[in-house]
$ cat work.cif   # mmCIF, C-alpha atoms
data_work
#
loop_
_atom_site.group_PDB
_atom_site.id
_atom_site.type_symbol
_atom_site.label_atom_id
_atom_site.label_comp_id
_atom_site.auth_asym_id
_atom_site.auth_seq_id
_atom_site.Cartn_x
_atom_site.Cartn_y
_atom_site.Cartn_z
ATOM 1 C CA MET A 1265 40.593 8.282 45.528
ATOM 2 C CA ALA A 1266 36.925 7.307 45.521
ATOM 3 C CA SER A 1267 35.331 7.474 42.128
ATOM 4 C CA GLU A 1268 31.803 8.773 41.389
ATOM 5 C CA LYS A 1269 30.492 5.242 41.152
ATOM 6 C CA ALA A 1270 31.889 4.237 44.514
ATOM 7 C CA LYS A 1271 30.511 7.391 46.162
ATOM 8 C CA LYS A 1272 27.042 6.769 44.784
ATOM 9 C CA GLN A 1273 27.019 3.183 46.001
ATOM 10 C CA VAL A 1274 28.035 4.236 49.492
ATOM 11 C CA SER A 1275 25.526 7.111 49.797
ATOM 12 C CA ASN A 1276 22.783 4.515 49.350
ATOM 13 C CA LEU A 1277 23.600 3.203 52.790
ATOM 14 C CA PRO A 1278 22.341 5.943 55.181
ATOM 15 C CA HIS A 1279 22.276 3.728 58.257
ATOM 16 C CA MET A 1280 26.051 3.572 58.370
ATOM 17 C CA THR A 1281 28.126 5.764 60.584
ATOM 18 C CA GLN A 1282 30.405 8.328 59.059
ATOM 19 C CA ALA A 1283 33.487 6.276 59.822
ATOM 20 C CA SER A 1284 32.229 2.993 58.469
ATOM 21 C CA GLN A 1285 30.926 4.759 55.378
ATOM 22 C CA GLU A 1286 34.366 6.155 54.816
ATOM 23 C CA GLU A 1287 35.846 2.672 55.267
ATOM 24 C CA LYS A 1288 33.359 1.138 52.854
ATOM 25 C CA ARG A 1289 34.058 3.817 50.291
ATOM 26 C CA ARG A 1290 37.757 3.123 50.466
ATOM 27 C CA GLN A 1291 37.218 -0.590 49.991
ATOM 28 C CA LEU A 1292 35.034 -0.042 46.948
ATOM 29 C CA ALA A 1293 37.491 2.379 45.422
ATOM 30 C CA TYR A 1294 40.271 -0.112 46.029
ATOM 31 C CA LYS A 1295 38.302 -2.896 44.398
ATOM 32 C CA GLU A 1296 37.724 -0.724 41.361
ATOM 33 C CA LEU A 1297 41.389 0.109 41.165
ATOM 34 C CA VAL A 1298 42.364 -3.561 41.374
ATOM 35 C CA GLN A 1299 39.876 -4.411 38.657
ATOM 36 C CA LYS A 1300 41.310 -1.670 36.447
ATOM 37 C CA ARG A 1301 44.945 -2.568 36.985
ATOM 38 C CA LYS A 1302 44.653 -6.354 36.891
ATOM 39 C CA PRO A 1303 46.490 -7.477 33.769
ATOM 40 C CA ARG A 1304 43.974 -8.927 31.362
ATOM 41 C CA PRO A 1305 45.282 -11.033 28.476
ATOM 42 C CA ARG A 1306 45.294 -8.811 25.409
ATOM 43 C CA TYR A 1307 43.276 -11.277 23.400
ATOM 44 C CA LEU A 1308 43.346 -9.570 20.032
ATOM 45 C CA ARG A 1309 47.012 -8.630 20.166
ATOM 46 C CA ASN A 1310 47.986 -12.131 21.332
ATOM 47 C CA VAL A 1311 46.054 -13.968 18.657
ATOM 48 C CA LEU A 1312 47.277 -11.663 15.869
ATOM 49 C CA VAL A 1313 50.923 -11.947 16.910
ATOM 50 C CA ALA A 1314 50.587 -15.732 17.228
ATOM 51 C CA PHE A 1315 49.052 -15.850 13.767
ATOM 52 C CA VAL A 1316 51.750 -13.751 12.101
ATOM 53 C CA VAL A 1317 54.741 -15.351 13.838
ATOM 54 C CA GLY A 1318 53.378 -18.891 13.409
ATOM 55 C CA GLY A 1319 52.636 -18.133 9.775
ATOM 56 C CA ALA A 1320 56.125 -16.741 9.241
ATOM 57 C CA ILE A 1321 57.700 -19.902 10.686
ATOM 58 C CA ALA A 1322 55.452 -21.929 8.359
ATOM 59 C CA ILE A 1323 56.769 -19.911 5.387
ATOM 60 C CA LEU A 1324 60.325 -20.732 6.473
ATOM 61 C CA GLY A 1325 59.239 -24.380 6.633
ATOM 62 C CA GLN A 1326 57.792 -24.076 3.148
ATOM 63 C CA VAL A 1327 61.153 -22.824 1.837
ATOM 64 C CA VAL A 1328 62.807 -25.919 3.328
ATOM 65 C CA LEU A 1329 60.056 -28.197 2.001
ATOM 66 C CA GLU A 1330 60.363 -26.745 -1.519
ATOM 67 C CA PHE A 1331 64.119 -27.294 -1.351
ATOM 68 C CA PHE A 1332 63.717 -31.003 -0.620
ATOM 69 C CA LYS A 1333 60.973 -31.302 -3.224
ATOM 70 C CA SER A 1334 63.276 -29.707 -5.794
ATOM 71 C CA ARG A 1335 65.735 -32.510 -5.013
ATOM 72 C CA GLY A 1336 63.180 -35.008 -6.277
ATOM 73 C CA LEU A 1337 61.453 -36.035 -3.038
ATOM 74 C CA ASP A 1338 57.667 -36.254 -2.945
ATOM 75 C CA LEU A 1339 55.643 -34.593 -0.193
ATOM 76 C CA ASN A 1340 55.783 -37.645 2.083
ATOM 77 C CA ALA A 1341 59.489 -38.276 1.652
ATOM 78 C CA ALA A 1342 60.264 -34.581 2.079
ATOM 79 C CA SER A 1343 58.340 -34.216 5.345
ATOM 80 C CA ALA A 1344 60.915 -36.040 7.508
ATOM 81 C CA PRO A 1345 63.933 -33.911 6.491
ATOM 82 C CA THR A 1346 61.794 -30.754 6.616
ATOM 83 C CA LEU A 1347 60.721 -31.513 10.182
ATOM 84 C CA ALA A 1348 64.357 -32.291 11.029
ATOM 85 C CA VAL A 1349 65.703 -29.048 9.577
ATOM 86 C CA MET A 1350 63.029 -26.994 11.344
ATOM 87 C CA THR A 1351 63.866 -28.824 14.571
ATOM 88 C CA LEU A 1352 67.516 -27.899 14.086
ATOM 89 C CA VAL A 1353 66.503 -24.265 13.526
ATOM 90 C CA GLY A 1354 64.646 -24.370 16.854
ATOM 91 C CA VAL A 1355 67.616 -25.972 18.615
ATOM 92 C CA VAL A 1356 70.094 -23.384 17.356
ATOM 93 C CA ALA A 1357 67.759 -20.441 18.025
ATOM 94 C CA THR A 1358 67.270 -21.696 21.574
ATOM 95 C CA GLY A 1359 71.020 -22.051 22.112
ATOM 96 C CA LEU A 1360 71.488 -18.459 20.969
ATOM 97 C CA GLY A 1361 68.781 -17.304 23.379
ATOM 98 C CA ILE A 1362 66.619 -15.985 20.541
ATOM 99 C CA TYR A 1363 63.787 -18.450 20.893
ATOM 100 C CA ASP A 1364 62.943 -17.658 24.502
ATOM 101 C CA GLU A 1365 62.484 -14.012 23.580
ATOM 102 C CA LEU A 1366 60.362 -14.999 20.599
ATOM 103 C CA GLY A 1367 58.299 -17.183 22.905
ATOM 104 C CA GLU A 1368 57.630 -14.301 25.277
ATOM 105 C CA PHE A 1369 56.645 -12.090 22.385
ATOM 106 C CA ALA A 1370 54.576 -14.509 20.325
ATOM 107 C CA GLY A 1371 53.173 -17.083 22.764
ATOM 108 C CA ALA A 1372 51.601 -19.933 20.822
ATOM 109 C CA GLY A 1373 53.016 -18.477 17.594
ATOM 110 C CA ALA A 1374 56.414 -19.671 18.815
ATOM 111 C CA ALA A 1375 55.266 -22.680 20.876
ATOM 112 C CA VAL A 1376 53.073 -24.469 18.328
ATOM 113 C CA PRO A 1377 55.490 -24.859 15.375
ATOM 114 C CA ILE A 1378 57.949 -27.760 15.539
ATOM 115 C CA THR A 1379 60.700 -25.216 16.288
ATOM 116 C CA GLY A 1380 58.942 -24.597 19.618
ATOM 117 C CA PHE A 1381 58.805 -28.328 20.239
ATOM 118 C CA ALA A 1382 62.587 -28.403 19.774
ATOM 119 C CA ASN A 1383 62.858 -25.384 22.057
ATOM 120 C CA THR A 1384 61.122 -27.223 24.911
ATOM 121 C CA ILE A 1385 63.629 -30.084 24.603
ATOM 122 C CA VAL A 1386 66.747 -27.892 24.532
ATOM 123 C CA ALA A 1387 65.493 -25.509 27.217
ATOM 124 C CA ALA A 1388 64.722 -28.457 29.512
ATOM 125 C CA ALA A 1389 68.134 -29.979 28.786
ATOM 126 C CA MET A 1390 69.846 -26.705 29.727
ATOM 127 C CA ASP A 1391 67.696 -26.194 32.819
ATOM 128 C CA PHE A 1392 68.018 -29.665 34.280
ATOM 129 C CA LYS A 1393 71.692 -30.393 33.644
ATOM 130 C CA ARG A 1394 72.434 -28.880 37.069
ATOM 131 C CA GLU A 1395 70.457 -31.798 38.544
ATOM 132 C CA GLY A 1396 72.912 -34.219 36.958
ATOM 133 C CA TRP A 1397 73.556 -35.678 33.541
ATOM 134 C CA VAL A 1398 71.530 -38.852 33.949
ATOM 135 C CA LEU A 1399 68.621 -38.125 36.267
ATOM 136 C CA GLY A 1400 68.639 -34.420 35.443
ATOM 137 C CA MET A 1401 69.242 -33.710 31.792
ATOM 138 C CA GLY A 1402 68.737 -37.254 30.521
ATOM 139 C CA ALA A 1403 65.517 -37.852 32.373
ATOM 140 C CA LYS A 1404 63.917 -34.442 32.114
ATOM 141 C CA MET A 1405 64.819 -33.389 28.611
ATOM 142 C CA PHE A 1406 61.370 -34.548 27.449
ATOM 143 C CA ILE A 1407 59.448 -33.023 30.317
ATOM 144 C CA ILE A 1408 57.147 -31.147 27.888
ATOM 145 C CA ALA A 1409 57.906 -32.916 24.613
ATOM 146 C CA GLY A 1410 57.399 -36.337 26.249
ATOM 147 C CA PRO A 1411 53.637 -36.077 26.805
ATOM 148 C CA VAL A 1412 53.241 -34.771 23.260
ATOM 149 C CA ILE A 1413 55.040 -37.808 21.818
ATOM 150 C CA VAL A 1414 53.251 -40.243 24.152
ATOM 151 C CA TYR A 1415 49.724 -39.085 23.369
ATOM 152 C CA ALA A 1416 50.395 -38.572 19.678
ATOM 153 C CA THR A 1417 51.718 -42.141 19.490
ATOM 154 C CA LEU A 1418 48.750 -43.539 21.415
ATOM 155 C CA ALA A 1419 46.211 -41.669 19.292
ATOM 156 C CA GLY A 1420 48.114 -42.154 16.050
ATOM 157 C CA VAL A 1421 48.574 -45.925 16.387
ATOM 158 C CA ALA A 1422 45.021 -46.474 17.623
ATOM 159 C CA VAL A 1423 43.380 -44.449 14.865
ATOM 160 C CA ALA A 1424 45.682 -45.801 12.157
ATOM 161 C CA ALA A 1425 44.901 -49.347 13.369
ATOM 162 C CA ILE A 1426 41.173 -48.719 13.099
ATOM 163 C CA LYS A 1427 41.560 -47.179 9.672
ATOM 164 C CA PHE A 1428 43.826 -50.031 8.545
ATOM 165 C CA ILE A 1429 41.467 -52.758 9.766
ATOM 166 C CA ALA A 1430 38.476 -50.972 8.261
ATOM 167 C CA SER A 1431 40.133 -50.541 4.873
ATOM 168 C CA PRO A 1432 43.462 -52.406 4.581
ATOM 169 C CA MET B 1208 50.805 -19.507 -3.938
ATOM 170 C CA THR B 1209 51.631 -22.369 -1.573
ATOM 171 C CA TYR B 1210 53.639 -19.884 0.466
ATOM 172 C CA LEU B 1211 50.511 -17.803 1.083
ATOM 173 C CA TYR B 1212 48.486 -20.884 2.043
ATOM 174 C CA ALA B 1213 51.346 -22.035 4.284
ATOM 175 C CA PHE B 1214 51.302 -18.673 6.037
ATOM 176 C CA LEU B 1215 47.522 -18.635 6.471
ATOM 177 C CA VAL B 1216 47.117 -22.243 7.627
ATOM 178 C CA GLY B 1217 50.244 -22.246 9.807
ATOM 179 C CA GLY B 1218 49.187 -18.949 11.329
ATOM 180 C CA ALA B 1219 45.642 -20.147 11.900
ATOM 181 C CA ILE B 1220 46.767 -23.269 13.772
ATOM 182 C CA CYS B 1221 49.002 -21.136 16.002
ATOM 183 C CA ALA B 1222 46.116 -18.711 16.555
ATOM 184 C CA ILE B 1223 43.944 -21.629 17.710
ATOM 185 C CA GLY B 1224 46.706 -22.555 20.156
ATOM 186 C CA GLN B 1225 46.805 -18.975 21.446
ATOM 187 C CA LEU B 1226 43.027 -18.887 21.905
ATOM 188 C CA ILE B 1227 43.229 -22.116 23.928
ATOM 189 C CA LEU B 1228 45.911 -20.504 26.131
ATOM 190 C CA ASP B 1229 44.035 -17.230 26.640
ATOM 191 C CA PHE B 1230 40.497 -18.520 27.105
ATOM 192 C CA THR B 1231 41.139 -21.626 29.201
ATOM 193 C CA ASN B 1232 43.320 -22.401 32.205
ATOM 194 C CA LEU B 1233 45.244 -25.042 30.284
ATOM 195 C CA THR B 1234 49.046 -24.900 30.363
ATOM 196 C CA PRO B 1235 51.084 -24.694 27.136
ATOM 197 C CA GLY B 1236 51.904 -28.389 27.663
ATOM 198 C CA HIS B 1237 48.220 -29.310 27.608
ATOM 199 C CA MET B 1238 47.599 -27.104 24.599
ATOM 200 C CA LEU B 1239 50.410 -28.785 22.668
ATOM 201 C CA VAL B 1240 49.075 -32.252 23.540
ATOM 202 C CA ILE B 1241 45.570 -31.275 22.384
ATOM 203 C CA LEU B 1242 46.790 -29.955 19.030
ATOM 204 C CA THR B 1243 49.107 -32.911 18.462
ATOM 205 C CA VAL B 1244 46.460 -35.501 19.290
ATOM 206 C CA ALA B 1245 43.953 -33.698 17.070
ATOM 207 C CA GLY B 1246 46.519 -33.865 14.277
ATOM 208 C CA ALA B 1247 47.229 -37.542 14.989
ATOM 209 C CA ILE B 1248 43.538 -38.438 14.804
ATOM 210 C CA ALA B 1249 43.120 -36.511 11.563
ATOM 211 C CA GLY B 1250 46.294 -38.066 10.166
ATOM 212 C CA GLY B 1251 45.233 -41.592 11.077
ATOM 213 C CA LEU B 1252 41.946 -41.115 9.261
ATOM 214 C CA ASP B 1253 43.738 -39.782 6.153
ATOM 215 C CA LEU B 1254 42.044 -36.423 6.724
ATOM 216 C CA TYR B 1255 45.251 -34.432 7.218
ATOM 217 C CA GLU B 1256 46.594 -35.338 3.780
ATOM 218 C CA PRO B 1257 44.413 -32.821 1.862
ATOM 219 C CA LEU B 1258 45.483 -30.017 4.209
ATOM 220 C CA LEU B 1259 49.134 -30.985 3.678
ATOM 221 C CA LYS B 1260 48.708 -30.937 -0.087
ATOM 222 C CA PHE B 1261 46.973 -27.565 0.123
ATOM 223 C CA ALA B 1262 49.171 -25.740 2.625
ATOM 224 C CA GLY B 1263 52.448 -27.686 2.634
ATOM 225 C CA ALA B 1264 54.579 -26.613 5.573
ATOM 226 C CA GLY B 1265 51.663 -24.593 6.945
ATOM 227 C CA ALA B 1266 50.120 -27.930 7.885
ATOM 228 C CA LEU B 1267 53.359 -29.844 8.462
ATOM 229 C CA VAL B 1268 55.311 -27.491 10.726
ATOM 230 C CA PRO B 1269 52.780 -26.887 13.557
ATOM 231 C CA VAL B 1270 52.667 -29.692 16.159
ATOM 232 C CA SER B 1271 49.367 -30.884 14.693
ATOM 233 C CA GLY B 1272 51.426 -31.797 11.623
ATOM 234 C CA PHE B 1273 53.856 -33.618 13.893
ATOM 235 C CA GLY B 1274 50.973 -35.663 15.308
ATOM 236 C CA ALA B 1275 49.590 -36.269 11.852
ATOM 237 C CA SER B 1276 53.026 -37.401 10.667
ATOM 238 C CA ILE B 1277 53.170 -39.969 13.459
ATOM 239 C CA ALA B 1278 49.799 -41.402 12.433
ATOM 240 C CA ARG B 1279 50.501 -41.143 8.696
ATOM 241 C CA GLY B 1280 53.765 -43.022 9.147
ATOM 242 C CA ALA B 1281 52.005 -45.775 11.075
ATOM 243 C CA LEU B 1282 49.242 -46.051 8.473
ATOM 244 C CA ALA B 1283 51.609 -45.986 5.483
ATOM 245 C CA GLU B 1284 53.812 -48.747 6.916
ATOM 246 C CA ALA B 1285 50.771 -50.823 7.893
ATOM 247 C CA LYS B 1286 49.569 -50.679 4.286
ATOM 248 C CA ARG B 1287 53.026 -51.723 3.094
ATOM 249 C CA MET B 1288 53.881 -54.564 5.489
ATOM 250 C CA GLY B 1289 50.792 -55.429 7.490
ATOM 251 C CA ILE B 1290 49.688 -54.777 11.041
ATOM 252 C CA LEU B 1291 53.226 -54.680 12.503
ATOM 253 C CA GLY B 1292 53.908 -51.703 10.299
ATOM 254 C CA LEU B 1293 51.774 -49.665 12.684
ATOM 255 C CA PHE B 1294 54.685 -49.786 15.091
ATOM 256 C CA THR B 1295 57.625 -49.661 12.719
ATOM 257 C CA GLY B 1296 56.089 -46.704 10.907
ATOM 258 C CA VAL B 1297 55.246 -44.543 13.909
ATOM 259 C CA PHE B 1298 58.453 -42.526 13.768
ATOM 260 C CA GLU B 1299 59.065 -42.849 10.043
ATOM 261 C CA TYR B 1300 58.534 -39.140 9.380
ATOM 262 C CA THR B 1301 59.103 -37.762 12.869
ATOM 263 C CA GLY B 1302 61.997 -39.902 14.146
ATOM 264 C CA MET B 1303 64.566 -37.827 12.303
ATOM 265 C CA GLY B 1304 63.357 -34.641 13.972
ATOM 266 C CA ILE B 1305 63.338 -36.232 17.414
ATOM 267 C CA ALA B 1306 66.862 -37.611 16.916
ATOM 268 C CA VAL B 1307 68.074 -34.198 15.735
ATOM 269 C CA ALA B 1308 66.471 -32.522 18.760
ATOM 270 C CA VAL B 1309 68.083 -34.978 21.198
ATOM 271 C CA PHE B 1310 71.519 -34.981 19.583
ATOM 272 C CA PHE B 1311 71.974 -31.316 18.802
ATOM 273 C CA GLY B 1312 69.898 -30.267 21.796
ATOM 274 C CA THR B 1313 72.370 -32.064 24.056
ATOM 275 C CA LEU B 1314 75.314 -30.458 22.276
ATOM 276 C CA VAL B 1315 73.742 -27.035 22.791
ATOM 277 C CA ALA B 1316 72.978 -27.804 26.444
ATOM 278 C CA LEU B 1317 76.632 -28.756 26.942
ATOM 279 C CA ILE B 1318 77.895 -25.366 25.837
ATOM 280 C CA ALA B 1319 75.021 -22.973 26.599
ATOM 281 C CA ASN B 1320 73.343 -22.103 29.871
ATOM 282 C CA PRO B 1321 69.826 -20.858 30.566
ATOM 283 C CA LYS B 1322 69.742 -17.071 30.592
ATOM 284 C CA SER B 1323 68.199 -16.464 34.006
#
$ encode --input "work.cif" --output "structure tokens"
Amino acid sequence: MASEKAKKQVSNLPHMTQASQEEKRRQLAYKELVQKRKPRPRYLRNVLVAFVVGGAIAILGQVVLEFFKSRGLDLNAASAPTLAVMTLVGVVATGLGIYDELGEFAGAGAAVPITGFANTIVAAAMDFKREGWVLGMGAKMFIIAGPVIVYATLAGVAVAAIKFIASP
Amino acid sequence: MTYLYAFLVGGAICAIGQLILDFTNLTPGHMLVILTVAGAIAGGLDLYEPLLKFAGAGALVPVSGFGASIARGALAEAKRMGILGLFTGVFEYTGMGIAVAVFFGTLVALIANPKS
């Protein structure tokens, strides 16, 4: 179905034969249709959902953090067990199949928290065990988490070294 | 009040991640590396600490907090025991999470299968 816009564009080309005009019109209409139907990322929806879901996971983390603080740990000492508990939450949720659905729904809202980091490890372990226990699961468990740890360690040690040497 | 700040800061960091995904051609893996390294740089310069104090888990739980924890551990140990502490401290705060992910992740992978 040629739209008004497509018709107008084609009628500007009087030198064309009837048949080729018809062909051109169809192409233009098709292009318009493709443009209309092509899935565009729903930017606003995506960013809002990521914000809310990521924030909600942070609140859960805060509950865990407050628990460890109430046991007499300071913020630094409480961060390791908090990260560990949140990791465990991500592991269990992945095993139950919940986290993959959350990931589809919330995008970065599920991927960015440490629970998503745990999800990448467990999901890779499940996926690659069919390639064998050693070279499959063992080797590829960190296929996404690995680069994160590598570059964080490189950047972290380098920057901490500079800071330490500058002001020991 | 910390809960509100945790929600806002944690949500904001995730929103930044989503914007990176939607407005660039970077994969989620690249996006995670960018956020983590940004956190590690901020953590190594002692700049992440104020955000942690302000927003608690909102700063700690996103991967940027993971990166910052790696750098903060290295810096804290270096201050305690000298330059070698950079390396002993790297996984001081994060090692527990990584060990949990490997151990329990493997257990889960033994009993569960991918859905599709």
$ atom_distance --input "work.cif" --atom1 "atom CA of A:Val1398" --atom2 "atom CA of A:Val1414"
20.8 Å
$ resolve_selection --input "work.cif" --expression "the PyMOL selection byres ((chain B) within 7 of (chain A))" --output "PyMOL selection string"
chain B and resi 1210+1213-1215+1217-1219+1221-1222+1224-1226+1229+1236+1239-1240+1243-1244+1247-1248+1251-1252+1263-1265+1268-1270+1274+1277-1278+1281-1282+1286+1293+1300-1301+1303-1304+1307-1308+1311-1313+1315-1316+1319-1321
$ axis_aligned_box --input "work.cif" --around "stretch 1284-1293 of chain A" --padding-each-side "6 Å" --output "lines of an AutoDock Vina configuration file"
center_x = 34.3
center_y = 2.8
center_z = 51.9
size_x = 18.8
size_y = 18.7
size_z = 25.0
$ atom_distance --input "work.cif" --atom1 "atom CA of B:Ile1318" --atom2 "atom CA of A:Phe1369"
25.3 Å
$ resolve_selection --input "work.cif" --expression "the PyMOL selection byres ((chain B and resi 1294) around 9)" --output "ChimeraX atom specification"
/A:1421 /B:1281,1284-1285,1290-1293,1295-1298
$ atom_distance --input "work.cif" --atom1 "atom CA of A:Ala1357" --atom2 "atom CA of B:Phe1273"
19.6 Å
$ decode --input "work.cif" --residues "stretch 1293-1312 of chain B" --atoms "N, CA and C atoms" --output "mmCIF file, in the first residue's frame"
data_model
loop_
_atom_site.group_PDB
_atom_site.id
_atom_site.type_symbol
_atom_site.label_atom_id
_atom_site.label_comp_id
_atom_site.auth_asym_id
_atom_site.auth_seq_id
_atom_site.Cartn_x
_atom_site.Cartn_y
_atom_site.Cartn_z
ATOM 1 N N LEU B 1293 49.784 -4.382 47.517
ATOM 2 C CA LEU B 1293 48.988 -4.141 46.310
ATOM 3 C C LEU B 1293 48.436 -5.457 45.769
ATOM 4 N N PHE B 1294 49.281 -6.495 45.849
ATOM 5 C CA PHE B 1294 48.879 -7.766 45.249
ATOM 6 C C PHE B 1294 48.162 -8.682 46.235
ATOM 7 N N THR B 1295 48.540 -8.614 47.502
ATOM 8 C CA THR B 1295 47.815 -9.455 48.459
ATOM 9 C C THR B 1295 46.420 -8.890 48.723
ATOM 10 N N GLY B 1296 46.269 -7.568 48.534
ATOM 11 C CA GLY B 1296 44.991 -6.959 48.884
ATOM 12 C C GLY B 1296 43.964 -6.949 47.775
ATOM 13 N N VAL B 1297 44.399 -7.286 46.555
ATOM 14 C CA VAL B 1297 43.513 -7.137 45.394
ATOM 15 C C VAL B 1297 42.150 -7.793 45.610
ATOM 16 N N PHE B 1298 42.169 -9.016 46.145
ATOM 17 C CA PHE B 1298 40.896 -9.731 46.282
ATOM 18 C C PHE B 1298 40.411 -9.780 47.728
ATOM 19 N N GLU B 1299 40.910 -8.824 48.527
ATOM 20 C CA GLU B 1299 40.532 -8.820 49.942
ATOM 21 C C GLU B 1299 39.020 -8.703 50.128
ATOM 22 N N TYR B 1300 38.396 -7.783 49.391
ATOM 23 C CA TYR B 1300 36.949 -7.604 49.541
ATOM 24 C C TYR B 1300 36.154 -8.416 48.522
ATOM 25 N N THR B 1301 36.771 -8.733 47.395
ATOM 26 C CA THR B 1301 36.019 -9.356 46.308
ATOM 27 C C THR B 1301 36.238 -10.864 46.220
ATOM 28 N N GLY B 1302 37.347 -11.353 46.828
ATOM 29 C CA GLY B 1302 37.699 -12.764 46.697
ATOM 30 C C GLY B 1302 36.596 -13.678 47.193
ATOM 31 N N MET B 1303 35.953 -13.261 48.289
ATOM 32 C CA MET B 1303 34.900 -14.085 48.870
ATOM 33 C C MET B 1303 33.753 -14.261 47.867
ATOM 34 N N GLY B 1304 33.385 -13.177 47.214
ATOM 35 C CA GLY B 1304 32.305 -13.264 46.225
ATOM 36 C C GLY B 1304 32.681 -14.153 45.058
ATOM 37 N N ILE B 1305 33.923 -14.028 44.592
ATOM 38 C CA ILE B 1305 34.361 -14.839 43.456
ATOM 39 C C ILE B 1305 34.368 -16.321 43.842
ATOM 40 N N ALA B 1306 34.881 -16.611 45.064
ATOM 41 C CA ALA B 1306 34.915 -18.003 45.516
ATOM 42 C C ALA B 1306 33.502 -18.571 45.636
ATOM 43 N N VAL B 1307 32.593 -17.756 46.173
ATOM 44 C CA VAL B 1307 31.192 -18.194 46.298
ATOM 45 C C VAL B 1307 30.610 -18.481 44.916
ATOM 46 N N ALA B 1308 30.886 -17.579 43.957
ATOM 47 C CA ALA B 1308 30.339 -17.754 42.608
ATOM 48 C C ALA B 1308 30.875 -19.040 41.978
ATOM 49 N N VAL B 1309 32.176 -19.301 42.132
ATOM 50 C CA VAL B 1309 32.755 -20.509 41.539
ATOM 51 C C VAL B 1309 32.206 -21.761 42.226
ATOM 52 N N PHE B 1310 32.223 -21.759 43.550
ATOM 53 C CA PHE B 1310 31.829 -22.969 44.279
ATOM 54 C C PHE B 1310 30.346 -23.293 44.096
ATOM 55 N N PHE B 1311 29.507 -22.334 44.452
ATOM 56 C CA PHE B 1311 28.072 -22.604 44.363
ATOM 57 C C PHE B 1311 27.581 -22.582 42.917
ATOM 58 N N GLY B 1312 28.267 -21.796 42.078
ATOM 59 C CA GLY B 1312 27.918 -21.803 40.660
ATOM 60 C C GLY B 1312 28.132 -23.177 40.044
#
